[in-house]
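Below is the file protein39.txt, which contains compact mmCIF, C-alpha atoms.
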```
# COMPACT_ATOMS: atom_id res chain seq x y z
CA MET A 1 135.70 121.14 -31.92
CA GLN A 2 136.17 117.55 -33.02
CA LYS A 3 136.77 114.61 -30.70
CA ILE A 4 139.37 113.02 -33.00
CA ARG A 5 141.92 115.23 -34.75
CA LYS A 6 144.91 114.90 -37.06
CA GLY A 7 147.97 113.75 -35.09
CA ASP A 8 146.00 111.83 -32.43
CA LYS A 9 147.02 108.33 -31.34
CA VAL A 10 144.00 106.09 -31.94
CA VAL A 11 143.04 102.44 -31.30
CA VAL A 12 141.04 100.47 -33.89
CA LEU A 13 137.86 99.01 -32.35
CA ALA A 14 136.51 96.96 -35.28
CA GLY A 15 137.62 95.42 -38.56
CA LYS A 16 140.67 93.50 -39.75
CA ASP A 17 143.07 95.74 -37.75
CA LYS A 18 141.13 95.52 -34.46
CA GLY A 19 143.33 96.28 -31.44
CA ARG A 20 146.11 97.99 -33.43
CA THR A 21 147.14 101.59 -32.81
CA GLY A 22 148.26 104.31 -35.16
CA GLU A 23 148.44 108.05 -35.74
CA VAL A 24 145.71 109.94 -37.61
CA ILE A 25 147.20 111.33 -40.84
CA ARG A 26 144.05 112.96 -42.21
CA MET A 27 140.49 113.60 -41.05
CA MET A 28 137.50 113.80 -43.40
CA PRO A 29 134.68 115.18 -41.21
CA LYS A 30 132.14 115.47 -44.04
CA ASP A 31 132.44 111.71 -44.69
CA ASP A 32 132.99 110.80 -40.98
CA GLN A 33 136.23 109.05 -41.95
CA ALA A 34 139.91 109.17 -41.03
CA ILE A 35 143.14 107.88 -42.52
CA VAL A 36 145.38 106.22 -39.91
CA ARG A 37 149.06 105.46 -40.54
CA GLY A 38 149.61 101.71 -41.08
CA ILE A 39 145.93 100.80 -40.60
CA ASN A 40 143.45 99.49 -43.23
CA MET A 41 146.17 98.99 -45.84
CA VAL A 42 145.03 98.26 -49.41
CA ARG A 43 147.02 97.39 -52.52
CA ARG A 44 146.47 99.51 -55.62
CA HIS A 45 147.83 99.45 -59.15
CA GLN A 46 149.73 102.63 -59.96
CA ARG A 47 150.53 103.78 -63.48
CA GLN A 48 154.08 105.03 -63.96
CA SER A 49 154.49 108.80 -64.19
CA GLN A 50 157.43 111.17 -64.44
CA THR A 51 157.72 111.45 -60.68
CA GLN A 52 156.41 108.07 -59.46
CA GLU A 53 157.34 104.48 -60.17
CA GLY A 54 154.64 102.18 -61.53
CA GLY A 55 153.50 98.88 -60.02
CA ILE A 56 151.42 97.67 -57.10
CA ILE A 57 151.64 99.98 -54.09
CA SER A 58 150.23 99.68 -50.56
CA LYS A 59 148.47 102.66 -49.05
CA GLU A 60 146.09 103.48 -46.24
CA ALA A 61 142.36 103.51 -46.98
CA PRO A 62 139.89 105.60 -44.96
CA ILE A 63 138.31 104.06 -41.85
CA HIS A 64 135.03 105.19 -40.30
CA VAL A 65 135.40 107.24 -37.10
CA SER A 66 132.97 104.95 -35.27
CA ASN A 67 135.57 102.17 -35.60
CA ILE A 68 138.40 104.11 -33.92
CA ALA A 69 138.82 105.60 -30.44
CA VAL A 70 141.40 107.96 -28.99
CA ALA A 71 144.11 106.17 -26.98
CA ASP A 72 144.25 107.25 -23.33
CA PRO A 73 147.44 109.28 -22.72
CA LYS A 74 148.10 107.37 -19.45
CA ASP A 75 147.71 103.71 -20.45
CA GLY A 76 147.13 103.66 -24.23
CA LYS A 77 143.76 101.92 -23.97
CA PRO A 78 140.75 103.25 -25.93
CA THR A 79 138.78 106.00 -24.25
CA ARG A 80 135.86 108.29 -24.95
CA VAL A 81 136.48 112.02 -25.21
CA GLY A 82 134.85 114.80 -23.21
CA PHE A 83 135.36 118.55 -23.07
CA GLU A 84 136.23 120.84 -20.15
CA VAL A 85 137.10 124.49 -19.81
CA LYS A 86 140.53 124.95 -18.20
CA ASP A 87 142.16 128.38 -17.87
CA GLY A 88 139.53 129.85 -20.20
CA LYS A 89 140.25 127.32 -22.96
CA LYS A 90 138.13 124.39 -24.10
CA VAL A 91 140.27 121.24 -23.90
CA ARG A 92 139.66 117.57 -24.69
CA VAL A 93 139.67 115.21 -21.73
CA ALA A 94 139.92 111.39 -21.63
CA LYS A 95 136.84 109.99 -19.88
CA ARG A 96 138.81 106.93 -18.73
CA SER A 97 141.52 108.70 -16.70
CA GLY A 98 140.55 112.37 -16.73
CA ALA A 99 143.85 113.32 -18.39
CA THR A 100 143.88 116.12 -20.96
CA ILE A 101 144.53 115.06 -24.54
CA ASP A 102 147.31 117.08 -26.13
CA GLY A 103 146.35 118.23 -29.58
```

Rewrite the structure of this file - the entire thing - as structure tokens.
Amino acid sequence: MQKIRKGDKVVVLAGKDKGRTGEVIRMMPKDDQAIVRGINMVRRHQRQSQTQEGGIISKEAPIHVSNIAVADPKDGKPTRVGFEVKDGKKVRVAKRSGATIDG
């Protein structure tokens, strides 16, 4: 079970977007990277195709998982993640407040 999953609210700890929050769109566990909505935006040249317009587009680039932390469900501040067994199921728990992280 991973500590950060798709759909989690995360806080950026380092880099140009430090302090900003966003939702994880995609996780890449083999590369230890994640794509977060609205974070680490880069501009890329796109060739025109039948379905897509050409020009310069902005899109999210991957960010290393060491530079993001799960936002605490109670106060939205960054927290570490632990695991507990509740009702026979392994659930993720915020170390900061002890609240379970819905996922």

Could you list, as a CSV table (one decimal) with C-alpha atoms, in the frame of the given file, every residue within 6 Å of Ile68 (chain A), counting all atoms listed in the file and ignoring same-chain residues fewer than 4 positions away?
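Final output, saved to part_32.csv:
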```csv
chain,number,residue,atom,x,y,z
A,11,VAL,CA,143.0,102.4,-31.3
A,12,VAL,CA,141.0,100.5,-33.9
A,13,LEU,CA,137.9,99.0,-32.4
```

Q: Taking (146.3, 110.3, -43.4) in the file's own coordinates, collect the residues within 12 Å, counting all atoms listed in the file, and hand them back as an MDAnalysis selection string.
A: chainID A and resid 5:8 22:28 33:41 59:63

Q. Hey, what's within 12 Å of Lys90 (chain A) if we count only C-alpha atoms and toss same-chain stuff fewer than 2 positions away? As a PyMOL selection string, please?
A. chain A and resi 1-3+82-88+92-93+100-103

Q | Ile57 (chain A) environment, 7 Å, only C-alpha atoms, sequence neighbours closer than 5 positions dropped, as a list in words | A | Arg43, Arg44, His45 and Gln46 of chain A

Which residues, protein or nucleic acid, reach to within 6 Å of (139.0, 97.8, -35.0) in the file's coordinates when using all atoms listed in the file, and can you give that as a compact mmCIF listing (two decimals) with C-alpha atoms, in the frame of the given file?
```txt
# COMPACT_ATOMS: atom_id res chain seq x y z
CA VAL A 12 141.04 100.47 -33.89
CA LEU A 13 137.86 99.01 -32.35
CA ALA A 14 136.51 96.96 -35.28
CA GLY A 15 137.62 95.42 -38.56
CA ASP A 17 143.07 95.74 -37.75
CA LYS A 18 141.13 95.52 -34.46
CA GLY A 19 143.33 96.28 -31.44
CA ASN A 67 135.57 102.17 -35.60
```

Q | Which residue of A:Thr79, A:Ser58, A:Thr21, A:Ser97 approaches Val42 (chain A) most closely, using only C-alpha atoms | A |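 Closest to Val42 (chain A), using only C-alpha atoms: A:Ser58.
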
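Taking CA of Lys95 (chain A) as the reference point, CA of Lys9 (chain A) is found at 15.4 Å.
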
**Q.** Length of the CA of Arg96 (chain A) to CA of Ala71 (chain A) vector [Å]
**A.** 9.8 Å

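Nearest-residue note for Val65 (chain A): choosing from A:Asp32, A:Lys16, A:Ala99, A:Arg47, the minimum distance belongs to A:Asp32, counting all atoms listed in the file.
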
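The spacing separating CA of Lys77 (chain A) from CA of Val91 (chain A) amounts to 19.6 Å.
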
Q. Between A:Asp75, A:His64, A:Arg80, A:Lys89, which has the minimum distance to Asp31 (chain A) (counting only C-alpha atoms)?
A. A:His64

(Q) With distances taken over only C-alpha atoms, which residue among A:Arg20, A:Pro29, A:Ile56, A:Gly76 lies nearest Ile4 (chain A)? (A)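 Ranking A:Arg20, A:Pro29, A:Ile56, A:Gly76 by distance to Ile4 (chain A), first place goes to A:Pro29.
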